[in-house]
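*Asks:* You'll find protein.pdb just under this line, and it carries PDB, C-alpha atoms.
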ATOM      1  CA  GLY M 530     -98.982  89.028   7.361  1.00  0.00           C
ATOM      2  CA  ASP M 531     -99.086  89.314  11.120  1.00  0.00           C
ATOM      3  CA  SER M 532     -96.715  87.144  13.121  1.00  0.00           C
ATOM      4  CA  VAL M 533     -95.428  86.521  16.622  1.00  0.00           C
ATOM      5  CA  THR M 534     -91.915  85.357  17.457  1.00  0.00           C
ATOM      6  CA  GLN M 535     -90.976  84.204  20.919  1.00  0.00           C
ATOM      7  CA  MET M 536     -87.804  82.781  22.351  1.00  0.00           C
ATOM      8  CA  GLU M 537     -87.278  79.091  21.991  1.00  0.00           C
ATOM      9  CA  GLY M 538     -87.306  76.908  25.036  1.00  0.00           C
ATOM     10  CA  PRO M 539     -87.085  75.140  27.169  1.00  0.00           C
ATOM     11  CA  VAL M 540     -86.135  77.693  29.773  1.00  0.00           C
ATOM     12  CA  THR M 541     -84.901  76.123  33.004  1.00  0.00           C
ATOM     13  CA  LEU M 542     -84.677  78.223  36.159  1.00  0.00           C
ATOM     14  CA  SER M 543     -84.230  77.655  39.844  1.00  0.00           C
ATOM     15  CA  GLU M 544     -86.992  78.673  42.217  1.00  0.00           C
ATOM     16  CA  GLU M 545     -86.958  82.413  43.039  1.00  0.00           C
ATOM     17  CA  ALA M 546     -85.001  83.272  39.885  1.00  0.00           C
ATOM     18  CA  PHE M 547     -85.993  86.156  37.608  1.00  0.00           C
ATOM     19  CA  LEU M 548     -87.876  85.206  34.456  1.00  0.00           C
ATOM     20  CA  THR M 549     -87.891  86.892  31.077  1.00  0.00           C
ATOM     21  CA  ILE M 550     -89.505  85.354  28.001  1.00  0.00           C
ATOM     22  CA  ASN M 551     -88.991  87.484  24.914  1.00  0.00           C
ATOM     23  CA  CYS M 552     -91.760  88.144  22.412  1.00  0.00           C
ATOM     24  CA  THR M 553     -91.717  90.342  19.315  1.00  0.00           C
ATOM     25  CA  TYR M 554     -94.453  90.863  16.763  1.00  0.00           C
ATOM     26  CA  THR M 555     -95.226  92.214  13.326  1.00  0.00           C
ATOM     27  CA  ALA M 556     -98.665  93.595  12.542  1.00  0.00           C
ATOM     28  CA  THR M 557    -100.199  95.870   9.946  1.00  0.00           C
ATOM     29  CA  GLY M 558    -102.606  97.555  12.347  1.00  0.00           C
ATOM     30  CA  TYR M 559    -102.689  98.316  16.052  1.00  0.00           C
ATOM     31  CA  PRO M 560    -102.985  94.941  17.725  1.00  0.00           C
ATOM     32  CA  SER M 561    -103.881  93.898  21.209  1.00  0.00           C
ATOM     33  CA  LEU M 562    -101.225  91.694  22.789  1.00  0.00           C
ATOM     34  CA  PHE M 563    -101.664  88.721  25.100  1.00  0.00           C
ATOM     35  CA  TRP M 564     -99.809  86.124  27.123  1.00  0.00           C
ATOM     36  CA  TYR M 565    -101.420  82.747  27.665  1.00  0.00           C
ATOM     37  CA  VAL M 566    -100.236  79.922  29.907  1.00  0.00           C
ATOM     38  CA  GLN M 567    -100.812  76.203  29.392  1.00  0.00           C
ATOM     39  CA  TYR M 568    -100.302  73.782  32.268  1.00  0.00           C
ATOM     40  CA  PRO M 569     -99.761  70.098  31.473  1.00  0.00           C
ATOM     41  CA  GLY M 570    -102.886  68.390  30.176  1.00  0.00           C
ATOM     42  CA  GLU M 571    -104.932  71.580  30.140  1.00  0.00           C
ATOM     43  CA  GLY M 572    -106.113  74.223  27.704  1.00  0.00           C
ATOM     44  CA  LEU M 573    -104.586  77.663  27.416  1.00  0.00           C
ATOM     45  CA  GLN M 574    -105.529  80.288  29.983  1.00  0.00           C
ATOM     46  CA  LEU M 575    -105.310  84.016  29.446  1.00  0.00           C
ATOM     47  CA  LEU M 576    -102.560  85.317  31.733  1.00  0.00           C
ATOM     48  CA  LEU M 577    -102.474  89.017  30.877  1.00  0.00           C
ATOM     49  CA  LYS M 578    -103.112  91.456  28.069  1.00  0.00           C
ATOM     50  CA  ALA M 579    -102.401  94.979  26.841  1.00  0.00           C
ATOM     51  CA  THR M 580    -104.455  96.810  24.274  1.00  0.00           C
ATOM     52  CA  LYS M 581    -102.376  99.866  23.401  1.00  0.00           C
ATOM     53  CA  ALA M 582     -98.808 101.151  23.408  1.00  0.00           C
ATOM     54  CA  ASP M 583     -97.151 101.574  26.833  1.00  0.00           C
ATOM     55  CA  ASP M 584     -99.903  99.606  28.580  1.00  0.00           C
ATOM     56  CA  LYS M 585     -98.643  97.147  31.194  1.00  0.00           C
ATOM     57  CA  GLY M 586    -100.560  93.942  31.709  1.00  0.00           C
ATOM     58  CA  SER M 587    -100.084  92.107  34.996  1.00  0.00           C
ATOM     59  CA  ASN M 588    -101.424  89.052  36.773  1.00  0.00           C
ATOM     60  CA  LYS M 589    -100.158  86.560  39.406  1.00  0.00           C
ATOM     61  CA  GLY M 590     -96.798  88.361  39.630  1.00  0.00           C
ATOM     62  CA  PHE M 591     -96.257  88.280  35.863  1.00  0.00           C
ATOM     63  CA  GLU M 592     -96.107  91.457  33.844  1.00  0.00           C
ATOM     64  CA  ALA M 593     -95.501  92.606  30.276  1.00  0.00           C
ATOM     65  CA  THR M 594     -95.334  96.058  28.700  1.00  0.00           C
ATOM     66  CA  TYR M 595     -96.575  96.844  25.186  1.00  0.00           C
ATOM     67  CA  ARG M 596     -93.590  98.472  23.460  1.00  0.00           C
ATOM     68  CA  LYS M 597     -94.636  99.798  20.070  1.00  0.00           C
ATOM     69  CA  GLU M 598     -91.216 101.261  19.266  1.00  0.00           C
ATOM     70  CA  THR M 599     -89.534  97.873  19.581  1.00  0.00           C
ATOM     71  CA  THR M 600     -92.637  95.819  18.647  1.00  0.00           C
ATOM     72  CA  SER M 601     -92.151  93.742  21.775  1.00  0.00           C
ATOM     73  CA  PHE M 602     -94.181  92.332  24.658  1.00  0.00           C
ATOM     74  CA  HIS M 603     -91.716  90.517  26.910  1.00  0.00           C
ATOM     75  CA  LEU M 604     -93.058  88.492  29.845  1.00  0.00           C
ATOM     76  CA  GLU M 605     -91.327  88.962  33.211  1.00  0.00           C
ATOM     77  CA  LYS M 606     -91.661  87.673  36.749  1.00  0.00           C
ATOM     78  CA  GLY M 607     -89.428  88.646  39.607  1.00  0.00           C
ATOM     79  CA  SER M 608     -89.379  85.332  41.472  1.00  0.00           C
ATOM     80  CA  VAL M 609     -90.606  82.138  39.841  1.00  0.00           C
ATOM     81  CA  GLN M 610     -92.065  79.162  41.676  1.00  0.00           C
ATOM     82  CA  VAL M 611     -92.162  75.469  40.802  1.00  0.00           C
ATOM     83  CA  SER M 612     -95.878  75.910  40.132  1.00  0.00           C
ATOM     84  CA  ASP M 613     -95.048  78.328  37.277  1.00  0.00           C
ATOM     85  CA  SER M 614     -93.713  75.432  35.210  1.00  0.00           C
ATOM     86  CA  ALA M 615     -95.818  75.503  32.058  1.00  0.00           C
ATOM     87  CA  VAL M 616     -95.795  76.552  28.404  1.00  0.00           C
ATOM     88  CA  TYR M 617     -96.226  80.276  27.763  1.00  0.00           C
ATOM     89  CA  PHE M 618     -97.681  81.635  24.516  1.00  0.00           C
ATOM     90  CA  CYS M 619     -97.419  85.186  23.256  1.00  0.00           C
ATOM     91  CA  ALA M 620    -100.256  86.238  20.953  1.00  0.00           C
ATOM     92  CA  LEU M 621    -101.694  89.189  19.076  1.00  0.00           C
ATOM     93  CA  SER M 622    -105.123  90.139  17.830  1.00  0.00           C
ATOM     94  CA  ASP M 623    -105.140  92.661  15.008  1.00  0.00           C
ATOM     95  CA  PRO M 624    -108.399  94.415  14.102  1.00  0.00           C
ATOM     96  CA  SER M 625    -107.198  94.728  10.509  1.00  0.00           C
ATOM     97  CA  GLY M 626    -106.807  90.936  10.478  1.00  0.00           C
ATOM     98  CA  GLY M 627    -110.419  90.318  11.388  1.00  0.00           C
ATOM     99  CA  PHE M 628    -109.643  89.835  15.073  1.00  0.00           C
ATOM    100  CA  LYS M 629    -108.198  86.389  14.575  1.00  0.00           C
ATOM    101  CA  THR M 630    -105.527  85.738  17.162  1.00  0.00           C
ATOM    102  CA  ILE M 631    -102.026  84.812  16.022  1.00  0.00           C
ATOM    103  CA  PHE M 632    -100.085  82.683  18.511  1.00  0.00           C
ATOM    104  CA  GLY M 633     -96.371  82.290  18.960  1.00  0.00           C
ATOM    105  CA  ALA M 634     -94.880  78.819  19.068  1.00  0.00           C
ATOM    106  CA  GLY M 635     -94.801  78.702  22.854  1.00  0.00           C
ATOM    107  CA  THR M 636     -91.934  78.637  25.355  1.00  0.00           C
ATOM    108  CA  ARG M 637     -91.707  75.833  27.872  1.00  0.00           C
ATOM    109  CA  LEU M 638     -90.574  76.859  31.357  1.00  0.00           C
ATOM    110  CA  PHE M 639     -89.184  74.412  33.909  1.00  0.00           C
ATOM    111  CA  VAL M 640     -88.652  75.658  37.454  1.00  0.00           C
ATOM    112  CA  LYS M 641     -86.501  73.520  39.743  1.00  0.00           C
ATOM    113  CA  ALA M 642     -86.907  73.466  43.497  1.00  0.00           C
TER     114      ALA M 642
ATOM    115  CA  ASN W 642    -118.570  76.750  36.183  1.00  0.00           C
ATOM    116  CA  ALA W 643    -118.888  79.171  33.280  1.00  0.00           C
ATOM    117  CA  GLY W 644    -116.602  78.513  30.394  1.00  0.00           C
ATOM    118  CA  VAL W 645    -115.978  76.339  27.358  1.00  0.00           C
ATOM    119  CA  THR W 646    -116.783  72.643  27.503  1.00  0.00           C
ATOM    120  CA  GLN W 647    -115.426  70.168  24.990  1.00  0.00           C
ATOM    121  CA  THR W 648    -116.638  66.629  24.483  1.00  0.00           C
ATOM    122  CA  PRO W 649    -115.261  64.033  24.286  1.00  0.00           C
ATOM    123  CA  LYS W 650    -111.940  64.426  26.119  1.00  0.00           C
ATOM    124  CA  PHE W 651    -110.311  61.422  24.469  1.00  0.00           C
ATOM    125  CA  ARG W 652    -111.094  59.393  21.373  1.00  0.00           C
ATOM    126  CA  VAL W 653    -109.425  56.742  19.269  1.00  0.00           C
ATOM    127  CA  LEU W 654    -110.621  56.391  15.682  1.00  0.00           C
ATOM    128  CA  LYS W 655    -109.763  54.021  12.912  1.00  0.00           C
ATOM    129  CA  THR W 656    -108.697  55.468   9.571  1.00  0.00           C
ATOM    130  CA  GLY W 657    -111.768  56.343   7.531  1.00  0.00           C
ATOM    131  CA  GLN W 658    -114.159  56.660  10.459  1.00  0.00           C
ATOM    132  CA  SER W 659    -116.052  59.867  11.103  1.00  0.00           C
ATOM    133  CA  MET W 660    -116.720  61.768  14.286  1.00  0.00           C
ATOM    134  CA  THR W 661    -117.944  65.093  15.634  1.00  0.00           C
ATOM    135  CA  LEU W 662    -116.310  67.115  18.366  1.00  0.00           C
ATOM    136  CA  LEU W 663    -118.649  69.325  20.354  1.00  0.00           C
ATOM    137  CA  CYS W 664    -117.800  72.682  21.856  1.00  0.00           C
ATOM    138  CA  ALA W 665    -120.263  74.508  24.094  1.00  0.00           C
ATOM    139  CA  GLN W 666    -119.852  77.912  25.752  1.00  0.00           C
ATOM    140  CA  ASP W 667    -122.150  79.606  28.241  1.00  0.00           C
ATOM    141  CA  MET W 668    -120.687  83.121  28.131  1.00  0.00           C
ATOM    142  CA  ASN W 669    -122.807  84.413  25.216  1.00  0.00           C
ATOM    143  CA  HIS W 670    -119.660  84.909  23.140  1.00  0.00           C
ATOM    144  CA  GLU W 671    -120.044  85.785  19.469  1.00  0.00           C
ATOM    145  CA  TYR W 672    -116.738  84.343  18.258  1.00  0.00           C
ATOM    146  CA  MET W 673    -115.757  80.686  18.399  1.00  0.00           C
ATOM    147  CA  TYR W 674    -112.685  78.888  17.103  1.00  0.00           C
ATOM    148  CA  TRP W 675    -111.255  75.427  16.572  1.00  0.00           C
ATOM    149  CA  TYR W 676    -107.477  74.910  16.842  1.00  0.00           C
ATOM    150  CA  ARG W 677    -105.248  71.904  16.672  1.00  0.00           C
ATOM    151  CA  GLN W 678    -102.049  71.647  18.678  1.00  0.00           C
ATOM    152  CA  ASP W 679     -99.209  69.437  17.512  1.00  0.00           C
ATOM    153  CA  PRO W 680     -95.688  69.100  18.934  1.00  0.00           C
ATOM    154  CA  GLY W 681     -93.391  71.661  17.356  1.00  0.00           C
ATOM    155  CA  MET W 682     -96.244  73.222  15.361  1.00  0.00           C
ATOM    156  CA  GLY W 683     -97.862  75.428  17.960  1.00  0.00           C
ATOM    157  CA  LEU W 684    -101.559  76.228  17.624  1.00  0.00           C
ATOM    158  CA  ARG W 685    -103.079  76.218  14.161  1.00  0.00           C
ATOM    159  CA  LEU W 686    -106.526  77.595  13.387  1.00  0.00           C
ATOM    160  CA  ILE W 687    -108.810  75.121  11.630  1.00  0.00           C
ATOM    161  CA  HIS W 688    -112.116  76.995  11.333  1.00  0.00           C
ATOM    162  CA  TYR W 689    -113.799  79.843  13.121  1.00  0.00           C
ATOM    163  CA  SER W 690    -117.154  81.551  13.456  1.00  0.00           C
ATOM    164  CA  VAL W 691    -117.994  85.196  14.035  1.00  0.00           C
ATOM    165  CA  GLY W 692    -121.627  84.530  14.889  1.00  0.00           C
ATOM    166  CA  GLU W 693    -124.496  82.082  14.805  1.00  0.00           C
ATOM    167  CA  GLY W 694    -124.939  80.602  11.347  1.00  0.00           C
ATOM    168  CA  THR W 695    -121.530  81.754  10.080  1.00  0.00           C
ATOM    169  CA  THR W 696    -118.298  79.825   9.609  1.00  0.00           C
ATOM    170  CA  ALA W 697    -114.991  80.516   7.901  1.00  0.00           C
ATOM    171  CA  LYS W 698    -111.809  78.646   7.064  1.00  0.00           C
ATOM    172  CA  GLY W 699    -108.673  79.081   9.057  1.00  0.00           C
ATOM    173  CA  GLU W 700    -105.122  78.052   8.371  1.00  0.00           C
ATOM    174  CA  VAL W 701    -105.593  74.268   8.081  1.00  0.00           C
ATOM    175  CA  PRO W 702    -109.232  73.543   7.139  1.00  0.00           C
ATOM    176  CA  ASP W 703    -108.767  70.545   4.832  1.00  0.00           C
ATOM    177  CA  GLY W 704    -110.424  67.367   6.076  1.00  0.00           C
ATOM    178  CA  TYR W 705    -112.640  69.209   8.573  1.00  0.00           C
ATOM    179  CA  ASN W 706    -116.108  70.726   8.508  1.00  0.00           C
ATOM    180  CA  VAL W 707    -117.862  72.895  11.075  1.00  0.00           C
ATOM    181  CA  SER W 708    -121.310  74.133  11.953  1.00  0.00           C
ATOM    182  CA  ARG W 709    -122.624  76.859  14.237  1.00  0.00           C
ATOM    183  CA  LEU W 710    -126.378  76.340  14.274  1.00  0.00           C
ATOM    184  CA  LYS W 711    -126.720  77.722  17.789  1.00  0.00           C
ATOM    185  CA  LYS W 712    -124.718  80.585  19.238  1.00  0.00           C
ATOM    186  CA  GLN W 713    -123.466  78.521  22.152  1.00  0.00           C
ATOM    187  CA  ASN W 714    -122.318  75.486  20.155  1.00  0.00           C
ATOM    188  CA  PHE W 715    -119.569  74.999  17.586  1.00  0.00           C
ATOM    189  CA  LEU W 716    -119.180  71.526  16.094  1.00  0.00           C
ATOM    190  CA  LEU W 717    -116.072  70.186  14.359  1.00  0.00           C
ATOM    191  CA  GLY W 718    -116.539  67.204  12.075  1.00  0.00           C
ATOM    192  CA  LEU W 719    -114.073  64.762  10.580  1.00  0.00           C
ATOM    193  CA  GLU W 720    -115.743  62.952   7.688  1.00  0.00           C
ATOM    194  CA  SER W 721    -113.000  60.418   7.009  1.00  0.00           C
ATOM    195  CA  ALA W 722    -110.310  60.425   9.652  1.00  0.00           C
ATOM    196  CA  ALA W 723    -106.644  60.121   8.668  1.00  0.00           C
ATOM    197  CA  PRO W 724    -103.584  59.464  10.860  1.00  0.00           C
ATOM    198  CA  SER W 725    -102.419  63.031  10.083  1.00  0.00           C
ATOM    199  CA  GLN W 726    -105.395  64.254  12.082  1.00  0.00           C
ATOM    200  CA  THR W 727    -104.004  62.749  15.274  1.00  0.00           C
ATOM    201  CA  SER W 728    -103.723  65.814  17.485  1.00  0.00           C
ATOM    202  CA  VAL W 729    -105.078  67.692  20.464  1.00  0.00           C
ATOM    203  CA  TYR W 730    -108.027  69.850  19.471  1.00  0.00           C
ATOM    204  CA  PHE W 731    -108.934  72.998  21.339  1.00  0.00           C
ATOM    205  CA  CYS W 732    -112.050  75.068  21.102  1.00  0.00           C
ATOM    206  CA  ALA W 733    -112.038  78.703  22.168  1.00  0.00           C
ATOM    207  CA  SER W 734    -114.509  81.557  22.355  1.00  0.00           C
ATOM    208  CA  SER W 735    -114.300  85.311  22.744  1.00  0.00           C
ATOM    209  CA  ALA W 736    -116.584  88.292  23.080  1.00  0.00           C
ATOM    210  CA  ALA W 737    -114.447  90.163  20.552  1.00  0.00           C
ATOM    211  CA  GLY W 738    -110.888  90.077  19.325  1.00  0.00           C
ATOM    212  CA  THR W 739    -109.507  92.398  21.958  1.00  0.00           C
ATOM    213  CA  TYR W 740    -110.849  90.526  24.959  1.00  0.00           C
ATOM    214  CA  GLY W 741    -108.768  87.400  24.724  1.00  0.00           C
ATOM    215  CA  TYR W 742    -109.944  83.846  24.367  1.00  0.00           C
ATOM    216  CA  THR W 743    -111.428  81.344  26.780  1.00  0.00           C
ATOM    217  CA  PHE W 744    -110.237  77.854  25.909  1.00  0.00           C
ATOM    218  CA  GLY W 745    -111.716  74.459  26.541  1.00  0.00           C
ATOM    219  CA  SER W 746    -109.622  71.702  28.101  1.00  0.00           C
ATOM    220  CA  GLY W 747    -109.068  69.938  24.787  1.00  0.00           C
ATOM    221  CA  THR W 748    -109.873  66.685  22.999  1.00  0.00           C
ATOM    222  CA  ARG W 749    -107.040  64.253  22.465  1.00  0.00           C
ATOM    223  CA  LEU W 750    -107.731  62.383  19.209  1.00  0.00           C
ATOM    224  CA  THR W 751    -105.728  59.448  17.944  1.00  0.00           C
ATOM    225  CA  VAL W 752    -106.338  58.038  14.475  1.00  0.00           C
ATOM    226  CA  VAL W 753    -104.905  54.567  13.911  1.00  0.00           C
TER     227      VAL W 753
END
Represent the supplied structure as structure tokens.
*Replies:*
Amino acid sequence: GDSVTQMEGPVTLSEEAFLTINCTYTATGYPSLFWYVQYPGEGLQLLLKATKADDKGSNKGFEATYRKETTSFHLEKGSVQVSDSAVYFCALSDPSGGFKTIFGAGTRLFVKA
Amino acid sequence: NAGVTQTPKFRVLKTGQSMTLLCAQDMNHEYMYWYRQDPGMGLRLIHYSVGEGTTAKGEVPDGYNVSRLKKQNFLLGLESAAPSQTSVYFCASSAAGTYGYTFGSGTRLTVV
């Protein structure tokens, strides 16, 4: 079945450091890919998405490129801020799976001032 | 503000008690979902609905029931609460699978 694997956390960075959170997927069809962010005590929020190969999703300085050849959708940000501290979830939605979204386990990011 | 509203935000139940969690969305979304989030377990789908009057089982449906009598509302029921159902419950909705989900802020449930 479909699955999403993302790097284990926590990831601890200093402010202004470069961020990469790895995400790979397996899917039987042609999924859409998403990154969600969850701040403490809140629900998940959609951060960015890509719906087909080579698409780049971007939002709030974060970006991720849909790489079909490597089945990956890594999240990057050039300069993190303390306010980026949160849990980040990679996810896929596969039409052949009835459009249910499969979530990764989440990666917790701590950014130190 | 438009979005997904969950009530209540917090609840403590005794083992064996019943309760209903309410999810309401005002975005005219067809799809609605109930997840539970537990430490180290990520998000697990309990039940979902692809339209008014329809429901289906997700990954962990045992001990829960749902109803979608109105398009905007999706109710999650616990008939006889157990300590294993202590969790944070999230409701989500979407226009379709490729549009991403809008989540509610969650209900923190403790069963003692």
*Asks:* What does the structure give for the distance between atom CA of Ser561 of chain M and atom CA of Lys712 of chain W, in Å to one decimal?
*Replies:*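 That distance, rounded to one decimal, is 24.8 Å.
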*Asks:* Please list as a compact mmCIF listing (two decimals) with C-alpha atoms, in the frame of the given file every residue within 6 Å of Thr534 of chain M, counting all atoms listed in the file and excluding residues in the same chain fewer than 6 positions away.
*Replies:*
# COMPACT_ATOMS: atom_id res chain seq x y z
CA CYS M 552 -91.76 88.14 22.41
CA THR M 553 -91.72 90.34 19.32
CA GLY M 633 -96.37 82.29 18.96
*Asks:* Given the file shown, determine the residues that the PyMOL selection byres ((chain W and resi 678-681) around 6) selects; report them as a list of chain:residue names.
*Replies:*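 Selected by the PyMOL selection byres ((chain W and resi 678-681) around 6) in this file: W:Arg677, W:Met682, W:Gly683, W:Leu684, W:Ser728, W:Val729.
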*Asks:* Restricted to C-alpha atoms, what would the selected residues look like written as a PDB file, in the frame of the given file?
*Replies:*
ATOM      1  CA  ARG W 677    -105.248  71.904  16.672  1.00  0.00           C
ATOM      2  CA  MET W 682     -96.244  73.222  15.361  1.00  0.00           C
ATOM      3  CA  GLY W 683     -97.862  75.428  17.960  1.00  0.00           C
ATOM      4  CA  LEU W 684    -101.559  76.228  17.624  1.00  0.00           C
ATOM      5  CA  SER W 728    -103.723  65.814  17.485  1.00  0.00           C
ATOM      6  CA  VAL W 729    -105.078  67.692  20.464  1.00  0.00           C
TER       7      VAL W 729
END
*Asks:* Output the contact residues of chain W with respect to chain M at a cut-off of 9 Å, based on all atoms listed in the file, as a PyMOL selection string.
*Replies:* chain W and resi 681-686+689+731-732+737-747
*Asks:* Could you work out how far atom CA of Thr648 of chain W lies from atom CA of Met668 of chain W, giving the answer in Å with one decimal?
*Replies:* 17.4 Å
*Asks:* Go through the shown structure with the PyMOL selection byres ((chain M and resi 610) around 7) and write out the matching residues as a PyMOL selection string.
*Replies:* chain M and resi 544-545+608-609+611-613+640
*Asks:* Step by step: start from the point (-107.0, 73.6, 8.4) in the file's coordinates, keep every protein, DNA or RNA residue that has an atom no farther than 9 Å from it, count all atoms listed in the file, and write the set as a PyMOL selection string.
*Replies:* chain W and resi 676-677+685-688+698-705
*Asks:* Determine the residue set returned by the PyMOL selection byres ((chain W and resi 727) around 9) for the present structure, and present it as number ranges by chain.
*Replies:* W: 679, 722-726, 728-729, 749-753
*Asks:* Hey, can you check how far atom CA of Gly692 of chain W sits from atom CA of Gly586 of chain M?
*Replies:*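 Taking atom CA of Gly692 of chain W as the start and atom CA of Gly586 of chain M as the end point, the length is 28.6 Å.
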*Asks:* Please provide the set of residues having any atom within 12 Å of Ile550 of chain M, restricted to all atoms listed in the file, with same-chain residues fewer than 6 positions apart removed, written as a PyMOL selection string.
*Replies:* chain M and resi 534-542+564+591-593+601-606+616-619+633+635-638
*Asks:* Quick one: residues within 12 Å of (-128.1, 76.1, 12.0) (file frame), counting all atoms listed in the file, please, as a VMD selection string.
*Replies:* chain W and resid 692 to 696 707 to 716
*Asks:* Keeping only C-alpha atoms, write the selected residues as a short mmCIF file (atom, residue, chain, number, x, y, z; two decimals), in the frame of the given file.
*Replies:*
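Produced file result-v4.cif, reproduced below:
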data_model
loop_
_atom_site.label_atom_id
_atom_site.label_comp_id
_atom_site.auth_asym_id
_atom_site.auth_seq_id
_atom_site.Cartn_x
_atom_site.Cartn_y
_atom_site.Cartn_z
CA GLY W 692 -121.63 84.53 14.89
CA GLU W 693 -124.50 82.08 14.80
CA GLY W 694 -124.94 80.60 11.35
CA THR W 695 -121.53 81.75 10.08
CA THR W 696 -118.30 79.82 9.61
CA VAL W 707 -117.86 72.90 11.08
CA SER W 708 -121.31 74.13 11.95
CA ARG W 709 -122.62 76.86 14.24
CA LEU W 710 -126.38 76.34 14.27
CA LYS W 711 -126.72 77.72 17.79
CA LYS W 712 -124.72 80.58 19.24
CA GLN W 713 -123.47 78.52 22.15
CA ASN W 714 -122.32 75.49 20.16
CA PHE W 715 -119.57 75.00 17.59
CA LEU W 716 -119.18 71.53 16.09
#
*Asks:* Give the centre and edge lengths of an axis-aligned box, in Å to one decimal, that holds all listed atoms of segment 575-586 of chain M with 3 Å on each side, as JSON.
*Replies:*
{"center_x": -101.2, "center_y": 92.8, "center_z": 27.6, "size_x": 14.2, "size_y": 23.6, "size_z": 14.3}
*Asks:* Counting all atoms listed in the file, which of M:Val566, M:Ala582, M:Leu548, M:Ala642 gets nearest to Thr599 of chain M?
*Replies:*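 Among M:Val566, M:Ala582, M:Leu548, M:Ala642, it is M:Ala582 that comes nearest to Thr599 of chain M.
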*Asks:* Would you mind completing segment 730-746 of chain W to N, CA and C atoms and writing the output as a PDB file, in the frame of the given file?
*Replies:*
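Output (rebuild_28.pdb):
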ATOM      1  N   TYR W 730    -107.161  68.821  20.033  1.00  0.00           N
ATOM      2  CA  TYR W 730    -108.027  69.850  19.471  1.00  0.00           C
ATOM      3  C   TYR W 730    -108.566  70.742  20.591  1.00  0.00           C
ATOM      4  N   PHE W 731    -108.439  72.030  20.377  1.00  0.00           N
ATOM      5  CA  PHE W 731    -108.934  72.998  21.339  1.00  0.00           C
ATOM      6  C   PHE W 731    -109.988  73.885  20.706  1.00  0.00           C
ATOM      7  N   CYS W 732    -111.036  74.102  21.462  1.00  0.00           N
ATOM      8  CA  CYS W 732    -112.050  75.068  21.102  1.00  0.00           C
ATOM      9  C   CYS W 732    -111.837  76.308  21.967  1.00  0.00           C
ATOM     10  N   ALA W 733    -112.148  77.464  21.417  1.00  0.00           N
ATOM     11  CA  ALA W 733    -112.038  78.703  22.168  1.00  0.00           C
ATOM     12  C   ALA W 733    -113.179  79.624  21.775  1.00  0.00           C
ATOM     13  N   SER W 734    -113.481  80.559  22.663  1.00  0.00           N
ATOM     14  CA  SER W 734    -114.509  81.557  22.355  1.00  0.00           C
ATOM     15  C   SER W 734    -114.036  82.903  22.861  1.00  0.00           C
ATOM     16  N   SER W 735    -114.615  83.968  22.276  1.00  0.00           N
ATOM     17  CA  SER W 735    -114.300  85.311  22.744  1.00  0.00           C
ATOM     18  C   SER W 735    -115.471  86.230  22.465  1.00  0.00           C
ATOM     19  N   ALA W 736    -115.550  87.285  23.296  1.00  0.00           N
ATOM     20  CA  ALA W 736    -116.584  88.292  23.080  1.00  0.00           C
ATOM     21  C   ALA W 736    -116.235  89.136  21.862  1.00  0.00           C
ATOM     22  N   ALA W 737    -114.959  89.422  21.706  1.00  0.00           N
ATOM     23  CA  ALA W 737    -114.447  90.163  20.552  1.00  0.00           C
ATOM     24  C   ALA W 737    -112.949  89.973  20.544  1.00  0.00           C
ATOM     25  N   GLY W 738    -112.302  90.380  19.482  1.00  0.00           N
ATOM     26  CA  GLY W 738    -110.888  90.077  19.325  1.00  0.00           C
ATOM     27  C   GLY W 738    -109.994  90.655  20.388  1.00  0.00           C
ATOM     28  N   THR W 739    -110.396  91.746  21.014  1.00  0.00           N
ATOM     29  CA  THR W 739    -109.507  92.398  21.958  1.00  0.00           C
ATOM     30  C   THR W 739    -109.672  91.887  23.385  1.00  0.00           C
ATOM     31  N   TYR W 740    -110.583  90.974  23.596  1.00  0.00           N
ATOM     32  CA  TYR W 740    -110.849  90.526  24.959  1.00  0.00           C
ATOM     33  C   TYR W 740    -110.120  89.243  25.337  1.00  0.00           C
ATOM     34  N   GLY W 741    -109.424  88.654  24.417  1.00  0.00           N
ATOM     35  CA  GLY W 741    -108.768  87.400  24.724  1.00  0.00           C
ATOM     36  C   GLY W 741    -109.731  86.240  24.613  1.00  0.00           C
ATOM     37  N   TYR W 742    -109.169  85.056  24.560  1.00  0.00           N
ATOM     38  CA  TYR W 742    -109.944  83.846  24.367  1.00  0.00           C
ATOM     39  C   TYR W 742    -110.116  83.086  25.669  1.00  0.00           C
ATOM     40  N   THR W 743    -111.238  82.363  25.757  1.00  0.00           N
ATOM     41  CA  THR W 743    -111.428  81.344  26.780  1.00  0.00           C
ATOM     42  C   THR W 743    -111.351  80.000  26.076  1.00  0.00           C
ATOM     43  N   PHE W 744    -110.451  79.150  26.543  1.00  0.00           N
ATOM     44  CA  PHE W 744    -110.237  77.854  25.909  1.00  0.00           C
ATOM     45  C   PHE W 744    -110.923  76.737  26.671  1.00  0.00           C
ATOM     46  N   GLY W 745    -111.310  75.699  25.926  1.00  0.00           N
ATOM     47  CA  GLY W 745    -111.716  74.459  26.541  1.00  0.00           C
ATOM     48  C   GLY W 745    -110.489  73.657  26.950  1.00  0.00           C
ATOM     49  N   SER W 746    -110.730  72.508  27.576  1.00  0.00           N
ATOM     50  CA  SER W 746    -109.622  71.702  28.101  1.00  0.00           C
ATOM     51  C   SER W 746    -109.055  70.742  27.061  1.00  0.00           C
TER      52      SER W 746
END
